[in-house]
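Heads up: the structure comes next, in structure tokens.
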Amino acid sequence: MQNKIYTPDEVAALLKISKHTVYELIKRGELASFKVGKKMRIEEQELNRLKTGAMSAPVKQSQSTQLRLAGSHDFLVESLVQYVSKDDLDIMPSYIGSLEGLMELYKGRCDIAAVHLLDPVSKMYNLPFIHQLFVHEKITVMRLAAREQGLITAAGNPQNIKGIKDLERNDLIFVNRQKGSGTRFLFDTILSEEMMNPLTINGYKHEEWTHLSAASHISSGNADVSFGIKTAASRLHLDFIPIAVEQFDLVFKWTQKNENALQHIIDVLELTSFREHADTLAGYDGSQFGRITYDSR
């Protein structure tokens with residue numbers, strides 16, 4: 001008879017324990033597993049051995065742990081928060097922008113920062129800022145995805161907007177993102193490269209804090225165009241004009257208090273099927289999902 005194969009999620013459900021407990025059993029050598037690509041798998045005979053042997057004594061559940069995340073609003077990050085909430089780990093997000101999130105991490109007020117900050121000099125994302133701020137701390141930077149940024153217009157693009165230069169037109173109303181957001185960093189860099197005066201853009205000072213809130217002004221007819229990610233346009237059935245591709249990362253700051261919880265988050269990102277969420281979002285490229293771009297531990 002063929003030996004069935006299970007995912008860690010399925011093992012957790014069958015044993016009525018958390019995924020975190022399953023990973024701990026694997027790391028302690030109490031549950032044998034193997035990898036298919038980057039995904040962990042457990043054979044049925046190994047599951048049965050655990051059920052009849054090691055499971056005769058109850059597995060100690062981890063106490064609920066809470067991590068704080070600050071930074072950019074992102075749909076993949078929203079999915080991660082929901083995904084781990086089914087386990088014994090809670091992520092409390094605060095979508096305050098990439099720069100503010102990185103500063104909160106620097107000040108020790110959060111455990112994870114979600115960032116997509118373009119350095120206009122090197123044209124690199126995130127690492128130039130991280131190298132300046134975190135000299136002695138233990139930091140890990142993990143790539144989540146590349147995202148398409150561009151102009152969001154009404155369905156059918158009735159104003160016939162073709163590119164950034166059109167934002168100087170007097171008949172257009174623009175909605176901006178707040179200062180400190182990665183999207184604002186990118187947008188202002190593009191304006192500088194195009195030698196455009198921001199004050200010539202009608203609505204440049206109108207700021208919103210998330211991609212959806214900015215795009216909702218287009219959907220409701222209160223504005224004509226915004227600068228944001230393709231997923232926001234797709235969710236509100238709006239048109240999208242691609243302008244740039246950016247890199248979106250998670251930055252982990254390790255402490256004695258949070259190291260087990262952070263490792264669990266990395267296990268979720270590297271070993272489970274969560275990475276497939278990136279492929280379901282319009283404008284996301286998850287080909288580098290989970291790649292460690294910097295690690296100072």
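Labeling convention for the structure tokens: chains A, B, ... as they appear, residues from 1 per chain, ligands from 1 in order of appearance.
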Worksheet entry | Backbone DSSP call of strand (DSSP E or B) for stretch 49-270 of chain A, listed as a PyMOL selection string | chain A and resi 65-71+89-95+112-115+118+125+139-153+174-177+207-208+225-229+239-253
For the selection you just gave me, I'd like the residues written to a file as a PDB file, in the first residue's frame, keeping C-alpha atoms.
```
ATOM      1  CA  THR A  65       3.288  34.778  21.239  1.00  0.00           C
ATOM      2  CA  GLN A  66       2.743  38.241  19.842  1.00  0.00           C
ATOM      3  CA  LEU A  67       5.054  39.965  17.394  1.00  0.00           C
ATOM      4  CA  ARG A  68       4.831  43.586  16.333  1.00  0.00           C
ATOM      5  CA  LEU A  69       5.165  44.472  12.658  1.00  0.00           C
ATOM      6  CA  ALA A  70       5.425  48.043  11.385  1.00  0.00           C
ATOM      7  CA  GLY A  71       5.944  49.467   7.937  1.00  0.00           C
ATOM      8  CA  LEU A  89       1.380  33.205  16.927  1.00  0.00           C
ATOM      9  CA  ASP A  90      -0.108  36.670  16.464  1.00  0.00           C
ATOM     10  CA  ILE A  91       1.370  39.473  14.401  1.00  0.00           C
ATOM     11  CA  MET A  92       0.101  42.920  15.306  1.00  0.00           C
ATOM     12  CA  PRO A  93       0.549  45.085  12.186  1.00  0.00           C
ATOM     13  CA  SER A  94       0.844  48.837  12.013  1.00  0.00           C
ATOM     14  CA  TYR A  95       0.836  50.165   8.452  1.00  0.00           C
ATOM     15  CA  ILE A 112       9.561  43.114  12.021  1.00  0.00           C
ATOM     16  CA  ALA A 113       9.589  45.943   9.487  1.00  0.00           C
ATOM     17  CA  ALA A 114       7.912  45.687   6.074  1.00  0.00           C
ATOM     18  CA  VAL A 115       9.831  47.916   3.682  1.00  0.00           C
ATOM     19  CA  LEU A 118      14.494  52.988  -2.912  1.00  0.00           C
ATOM     20  CA  TYR A 125      16.163  48.806  -2.298  1.00  0.00           C
ATOM     21  CA  ILE A 139      19.267  41.663  11.542  1.00  0.00           C
ATOM     22  CA  THR A 140      17.896  39.367   8.840  1.00  0.00           C
ATOM     23  CA  VAL A 141      16.412  40.702   5.598  1.00  0.00           C
ATOM     24  CA  MET A 142      14.149  38.396   3.592  1.00  0.00           C
ATOM     25  CA  ARG A 143      12.732  39.086   0.146  1.00  0.00           C
ATOM     26  CA  LEU A 144       8.966  38.676  -0.136  1.00  0.00           C
ATOM     27  CA  ALA A 145       8.280  39.745  -3.695  1.00  0.00           C
ATOM     28  CA  ALA A 146       8.815  42.231  -6.471  1.00  0.00           C
ATOM     29  CA  ARG A 147       5.821  44.508  -7.023  1.00  0.00           C
ATOM     30  CA  GLU A 148       4.661  46.558  -9.991  1.00  0.00           C
ATOM     31  CA  GLN A 149       4.117  50.236  -9.207  1.00  0.00           C
ATOM     32  CA  GLY A 150       2.375  52.581 -11.604  1.00  0.00           C
ATOM     33  CA  LEU A 151      -0.482  54.950 -12.305  1.00  0.00           C
ATOM     34  CA  ILE A 152      -3.973  53.887 -11.241  1.00  0.00           C
ATOM     35  CA  THR A 153      -6.776  55.353 -13.345  1.00  0.00           C
ATOM     36  CA  PHE A 174      -4.101  63.303  -8.285  1.00  0.00           C
ATOM     37  CA  VAL A 175      -4.095  61.404  -4.965  1.00  0.00           C
ATOM     38  CA  ASN A 176      -0.690  60.926  -3.298  1.00  0.00           C
ATOM     39  CA  ARG A 177       0.683  58.593  -0.612  1.00  0.00           C
ATOM     40  CA  GLU A 207      -2.104  62.108   1.086  1.00  0.00           C
ATOM     41  CA  GLU A 208      -3.569  58.678   1.888  1.00  0.00           C
ATOM     42  CA  VAL A 225      -5.209  59.172 -10.937  1.00  0.00           C
ATOM     43  CA  SER A 226      -2.972  57.847  -8.160  1.00  0.00           C
ATOM     44  CA  PHE A 227       0.409  56.144  -7.923  1.00  0.00           C
ATOM     45  CA  GLY A 228       0.329  52.667  -6.386  1.00  0.00           C
ATOM     46  CA  ILE A 229       0.589  48.920  -6.863  1.00  0.00           C
ATOM     47  CA  ASP A 239      -6.900  50.502 -14.986  1.00  0.00           C
ATOM     48  CA  PHE A 240      -3.162  50.336 -14.332  1.00  0.00           C
ATOM     49  CA  ILE A 241      -0.220  51.829 -16.237  1.00  0.00           C
ATOM     50  CA  PRO A 242       3.068  50.148 -15.145  1.00  0.00           C
ATOM     51  CA  ILE A 243       5.946  52.495 -14.330  1.00  0.00           C
ATOM     52  CA  ALA A 244       8.450  50.615 -12.137  1.00  0.00           C
ATOM     53  CA  VAL A 245       9.210  47.311 -10.412  1.00  0.00           C
ATOM     54  CA  GLU A 246      10.266  47.475  -6.759  1.00  0.00           C
ATOM     55  CA  GLN A 247      11.611  45.013  -4.183  1.00  0.00           C
ATOM     56  CA  PHE A 248       9.563  44.371  -1.032  1.00  0.00           C
ATOM     57  CA  ASP A 249      11.333  42.892   2.013  1.00  0.00           C
ATOM     58  CA  LEU A 250      10.738  41.885   5.607  1.00  0.00           C
ATOM     59  CA  VAL A 251      13.385  42.994   8.120  1.00  0.00           C
ATOM     60  CA  PHE A 252      13.715  40.907  11.315  1.00  0.00           C
ATOM     61  CA  LYS A 253      15.468  42.273  14.410  1.00  0.00           C
TER      62      LYS A 253
END
```
Worksheet entry | Between atom CA of A:Gln256 and atom CA of A:Gly108, distance in Å (one decimal) | 12.7 Å
Discussion item. To one decimal place in Å, what is the distance between atom CA of A:Phe185 and atom CA of A:Ile173?
Written reply: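 Atom CA of A:Ile173 lies at a distance of 20.1 Å from atom CA of A:Phe185.
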Item to complete: Grab the atom CA of A:Gly180 to atom CA of A:Arg109 distance for me, in Å with one decimal place.
Response: 17.3 Å
Practice prompt. Please identify all polymer residues within 8 Å of stretch 164-166 of chain A, counting only C-alpha atoms, omitting same-chain residues fewer than 4 positions from it, and present them as a ChimeraX atom specification.
Written response: /A:151,191,194,196
Closest atom pairs, residues of stretch 149-235 of chain A within 12 Å of stretch 261-282 of chain A, only C-alpha atoms, as JSON lines:
```
{"residue": "A:Gln149", "atom": "CA", "partner": "A:Ala282", "partner_atom": "CA", "distance": 11.1}
{"residue": "A:Ile229", "atom": "CA", "partner": "A:Ala282", "partner_atom": "CA", "distance": 8.9}
{"residue": "A:Lys230", "atom": "CA", "partner": "A:Ala282", "partner_atom": "CA", "distance": 6.1}
{"residue": "A:Thr231", "atom": "CA", "partner": "A:Ala282", "partner_atom": "CA", "distance": 4.9}
{"residue": "A:Ala232", "atom": "CA", "partner": "A:Ala282", "partner_atom": "CA", "distance": 8.6}
{"residue": "A:Ala233", "atom": "CA", "partner": "A:Ala282", "partner_atom": "CA", "distance": 8.9}
{"residue": "A:Ser234", "atom": "CA", "partner": "A:Ala282", "partner_atom": "CA", "distance": 6.8}
{"residue": "A:Arg235", "atom": "CA", "partner": "A:Ala282", "partner_atom": "CA", "distance": 8.9}
```
Worksheet item: Got a sec: who's within 10 Å of A:His136, counting only C-alpha atoms, leaving out chain neighbours fewer than 5 positions off, as a PyMOL selection string?
Response: chain A and resi 131+296-297
Filtering to all heavy atoms, could you give me those residues as a short mmCIF file (atom, residue, chain, number, x, y, z; two decimals), in the first residue's frame?
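Below you can see result_22.cif, which holds the result:
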```
data_model
loop_
_atom_site.label_atom_id
_atom_site.label_comp_id
_atom_site.auth_asym_id
_atom_site.auth_seq_id
_atom_site.Cartn_x
_atom_site.Cartn_y
_atom_site.Cartn_z
N HIS A 131 21.87 49.25 6.38
CA HIS A 131 23.29 49.32 6.75
C HIS A 131 23.60 50.58 7.55
O HIS A 131 24.48 50.58 8.41
CB HIS A 131 24.15 49.28 5.49
CG HIS A 131 24.15 47.94 4.80
ND1 HIS A 131 24.19 46.76 5.48
CD2 HIS A 131 24.13 47.62 3.47
CE1 HIS A 131 24.19 45.75 4.62
NE2 HIS A 131 24.15 46.25 3.40
N SER A 296 23.02 39.41 9.65
CA SER A 296 24.15 39.82 10.47
C SER A 296 24.24 39.01 11.76
O SER A 296 24.99 39.37 12.68
CB SER A 296 24.04 41.30 10.83
OG SER A 296 22.88 41.55 11.60
N ARG A 297 23.49 37.90 11.85
CA ARG A 297 23.54 37.09 13.08
C ARG A 297 24.87 36.35 13.20
O ARG A 297 25.48 35.98 12.22
CB ARG A 297 22.40 36.08 13.08
CG ARG A 297 21.03 36.71 13.34
CD ARG A 297 19.95 35.67 13.31
NE ARG A 297 19.75 35.12 11.99
CZ ARG A 297 19.03 34.05 11.73
NH1 ARG A 297 18.42 33.42 12.70
NH2 ARG A 297 18.88 33.60 10.49
#
```
Fill in: Shortest interatomic distance to A:Ile5 - which of A:Glu46, A:Glu104, A:Glu30, A:Asp119, counting only C-alpha atoms
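Smallest separation from A:Ile5 among the options: A:Glu46.
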Worksheet item: Which residue out of A:Phe187, A:Ser181, A:Asp295, A:Leu238 has the minimum interatomic distance to A:Gly221 when only C-alpha atoms are used?
Response: A:Leu238
Discussion item. Residues of stretch 107-263 of chain A classed as alpha helix (DSSP H) by DSSP on the backbone are to be reported as a PyMOL selection string.
Written reply: chain A and resi 127-133+182-193+211-219+230-235+259-263
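With only C-alpha atoms taken into account, the protein and nucleic acid residues at most 12 Å from A:Leu199 (excluding it and anything under 3 positions from it in its own chain) are Leu167, Glu168, Arg169, Asn170, Phe174, Asp188, Leu191, Met196, Asn202, Gly203, Tyr204, Lys205 and His206 of chain A.
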So that I have them on file, write out the residues from the current selection with all heavy atoms, as an mmCIF file, in the first residue's frame.
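Dumped everything to result34.cif:
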```cif
data_model
loop_
_atom_site.group_PDB
_atom_site.id
_atom_site.type_symbol
_atom_site.label_atom_id
_atom_site.label_comp_id
_atom_site.auth_asym_id
_atom_site.auth_seq_id
_atom_site.Cartn_x
_atom_site.Cartn_y
_atom_site.Cartn_z
ATOM 1 N N LEU A 167 0.620 63.948 -15.421
ATOM 2 C CA LEU A 167 0.167 64.444 -14.121
ATOM 3 C C LEU A 167 0.244 65.967 -14.025
ATOM 4 O O LEU A 167 -0.351 66.571 -13.123
ATOM 5 C CB LEU A 167 0.998 63.816 -13.000
ATOM 6 C CG LEU A 167 0.930 62.282 -12.885
ATOM 7 C CD1 LEU A 167 1.752 61.806 -11.691
ATOM 8 C CD2 LEU A 167 -0.511 61.804 -12.766
ATOM 9 N N GLU A 168 0.956 66.607 -14.936
ATOM 10 C CA GLU A 168 1.033 68.066 -14.949
ATOM 11 C C GLU A 168 -0.174 68.706 -15.639
ATOM 12 O O GLU A 168 -0.297 69.937 -15.625
ATOM 13 C CB GLU A 168 2.328 68.510 -15.637
ATOM 14 C CG GLU A 168 3.594 68.109 -14.880
ATOM 15 C CD GLU A 168 4.871 68.529 -15.599
ATOM 16 O OE1 GLU A 168 4.945 68.336 -16.829
ATOM 17 O OE2 GLU A 168 5.793 69.049 -14.926
ATOM 18 N N ARG A 169 -1.044 67.878 -16.187
ATOM 19 C CA ARG A 169 -2.224 68.423 -16.856
ATOM 20 C C ARG A 169 -3.169 69.091 -15.856
ATOM 21 O O ARG A 169 -3.392 68.565 -14.760
ATOM 22 C CB ARG A 169 -2.959 67.310 -17.607
ATOM 23 C CG ARG A 169 -2.261 66.840 -18.869
ATOM 24 C CD ARG A 169 -2.793 65.536 -19.409
ATOM 25 N NE ARG A 169 -4.242 65.421 -19.343
ATOM 26 C CZ ARG A 169 -4.924 64.307 -19.690
ATOM 27 N NH1 ARG A 169 -4.248 63.244 -20.122
ATOM 28 N NH2 ARG A 169 -6.221 64.281 -19.597
ATOM 29 N N ASN A 170 -3.750 70.207 -16.234
ATOM 30 C CA ASN A 170 -4.650 70.954 -15.359
ATOM 31 C C ASN A 170 -5.980 70.254 -15.132
ATOM 32 O O ASN A 170 -6.672 70.543 -14.151
ATOM 33 C CB ASN A 170 -4.905 72.350 -15.931
ATOM 34 C CG ASN A 170 -3.655 73.213 -15.923
ATOM 35 O OD1 ASN A 170 -2.804 73.068 -15.051
ATOM 36 N ND2 ASN A 170 -3.539 74.105 -16.897
ATOM 37 N N PHE A 174 -4.987 64.372 -8.743
ATOM 38 C CA PHE A 174 -4.101 63.303 -8.285
ATOM 39 C C PHE A 174 -4.312 63.033 -6.796
ATOM 40 O O PHE A 174 -4.679 63.935 -6.035
ATOM 41 C CB PHE A 174 -2.645 63.713 -8.545
ATOM 42 C CG PHE A 174 -1.613 62.709 -8.113
ATOM 43 C CD1 PHE A 174 -1.432 61.532 -8.807
ATOM 44 C CD2 PHE A 174 -0.803 62.966 -7.013
ATOM 45 C CE1 PHE A 174 -0.470 60.613 -8.413
ATOM 46 C CE2 PHE A 174 0.162 62.060 -6.611
ATOM 47 C CZ PHE A 174 0.316 60.877 -7.318
ATOM 48 N N ASP A 188 8.480 60.291 -5.696
ATOM 49 C CA ASP A 188 9.259 61.534 -5.677
ATOM 50 C C ASP A 188 10.582 61.378 -6.431
ATOM 51 O O ASP A 188 11.059 62.329 -7.063
ATOM 52 C CB ASP A 188 9.528 61.967 -4.234
ATOM 53 C CG ASP A 188 8.294 62.575 -3.574
ATOM 54 O OD1 ASP A 188 7.330 62.902 -4.303
ATOM 55 O OD2 ASP A 188 8.292 62.715 -2.334
ATOM 56 N N LEU A 191 9.725 61.723 -10.079
ATOM 57 C CA LEU A 191 9.496 63.133 -10.403
ATOM 58 C C LEU A 191 10.815 63.875 -10.568
ATOM 59 O O LEU A 191 10.969 64.700 -11.486
ATOM 60 C CB LEU A 191 8.653 63.799 -9.322
ATOM 61 C CG LEU A 191 7.203 63.342 -9.158
ATOM 62 C CD1 LEU A 191 6.509 64.190 -8.106
ATOM 63 C CD2 LEU A 191 6.442 63.398 -10.470
ATOM 64 N N MET A 196 10.312 67.141 -12.861
ATOM 65 C CA MET A 196 8.970 67.670 -12.691
ATOM 66 C C MET A 196 8.844 68.340 -11.324
ATOM 67 O O MET A 196 9.303 67.794 -10.316
ATOM 68 C CB MET A 196 7.938 66.542 -12.819
ATOM 69 C CG MET A 196 7.858 65.943 -14.211
ATOM 70 S SD MET A 196 6.804 64.448 -14.261
ATOM 71 C CE MET A 196 5.213 65.120 -13.719
ATOM 72 N N ASN A 202 -1.808 68.708 -9.513
ATOM 73 C CA ASN A 202 -3.034 69.042 -8.789
ATOM 74 C C ASN A 202 -3.435 67.878 -7.878
ATOM 75 O O ASN A 202 -3.869 66.838 -8.351
ATOM 76 C CB ASN A 202 -4.158 69.340 -9.785
ATOM 77 C CG ASN A 202 -5.447 69.752 -9.099
ATOM 78 O OD1 ASN A 202 -5.436 70.186 -7.937
ATOM 79 N ND2 ASN A 202 -6.555 69.612 -9.807
ATOM 80 N N GLY A 203 -3.240 68.061 -6.552
ATOM 81 C CA GLY A 203 -3.549 67.000 -5.597
ATOM 82 C C GLY A 203 -2.323 66.369 -4.978
ATOM 83 O O GLY A 203 -2.451 65.443 -4.165
ATOM 84 N N TYR A 204 -1.136 66.870 -5.311
ATOM 85 C CA TYR A 204 0.097 66.288 -4.771
ATOM 86 C C TYR A 204 0.101 66.274 -3.241
ATOM 87 O O TYR A 204 0.628 65.359 -2.619
ATOM 88 C CB TYR A 204 1.305 67.068 -5.300
ATOM 89 C CG TYR A 204 2.630 66.587 -4.752
ATOM 90 C CD1 TYR A 204 3.282 65.491 -5.321
ATOM 91 C CD2 TYR A 204 3.239 67.228 -3.670
ATOM 92 C CE1 TYR A 204 4.492 65.041 -4.823
ATOM 93 C CE2 TYR A 204 4.451 66.784 -3.166
ATOM 94 C CZ TYR A 204 5.078 65.691 -3.741
ATOM 95 O OH TYR A 204 6.279 65.251 -3.239
ATOM 96 N N LYS A 205 -0.515 67.279 -2.623
ATOM 97 C CA LYS A 205 -0.519 67.371 -1.159
ATOM 98 C C LYS A 205 -1.648 66.568 -0.518
ATOM 99 O O LYS A 205 -1.738 66.504 0.717
ATOM 100 C CB LYS A 205 -0.606 68.839 -0.734
ATOM 101 C CG LYS A 205 0.639 69.648 -1.086
ATOM 102 C CD LYS A 205 0.547 71.069 -0.555
ATOM 103 C CE LYS A 205 1.810 71.859 -0.865
ATOM 104 N NZ LYS A 205 1.735 73.253 -0.339
ATOM 105 N N HIS A 206 -2.504 65.957 -1.329
ATOM 106 C CA HIS A 206 -3.575 65.101 -0.796
ATOM 107 C C HIS A 206 -2.981 63.721 -0.538
ATOM 108 O O HIS A 206 -2.684 62.973 -1.467
ATOM 109 C CB HIS A 206 -4.732 65.013 -1.782
ATOM 110 C CG HIS A 206 -5.843 64.138 -1.301
ATOM 111 N ND1 HIS A 206 -6.992 63.927 -2.041
ATOM 112 C CD2 HIS A 206 -6.009 63.405 -0.164
ATOM 113 C CE1 HIS A 206 -7.792 63.111 -1.374
ATOM 114 N NE2 HIS A 206 -7.200 62.783 -0.244
#
```
Discussion item. Just checking: using only C-alpha atoms, which residue out of A:Gly101, A:Asn258, A:Arg291, A:Lys123 ends up closest to A:Thr189?
Written reply: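 The shortest atom-to-atom distance to A:Thr189 comes from A:Lys123.
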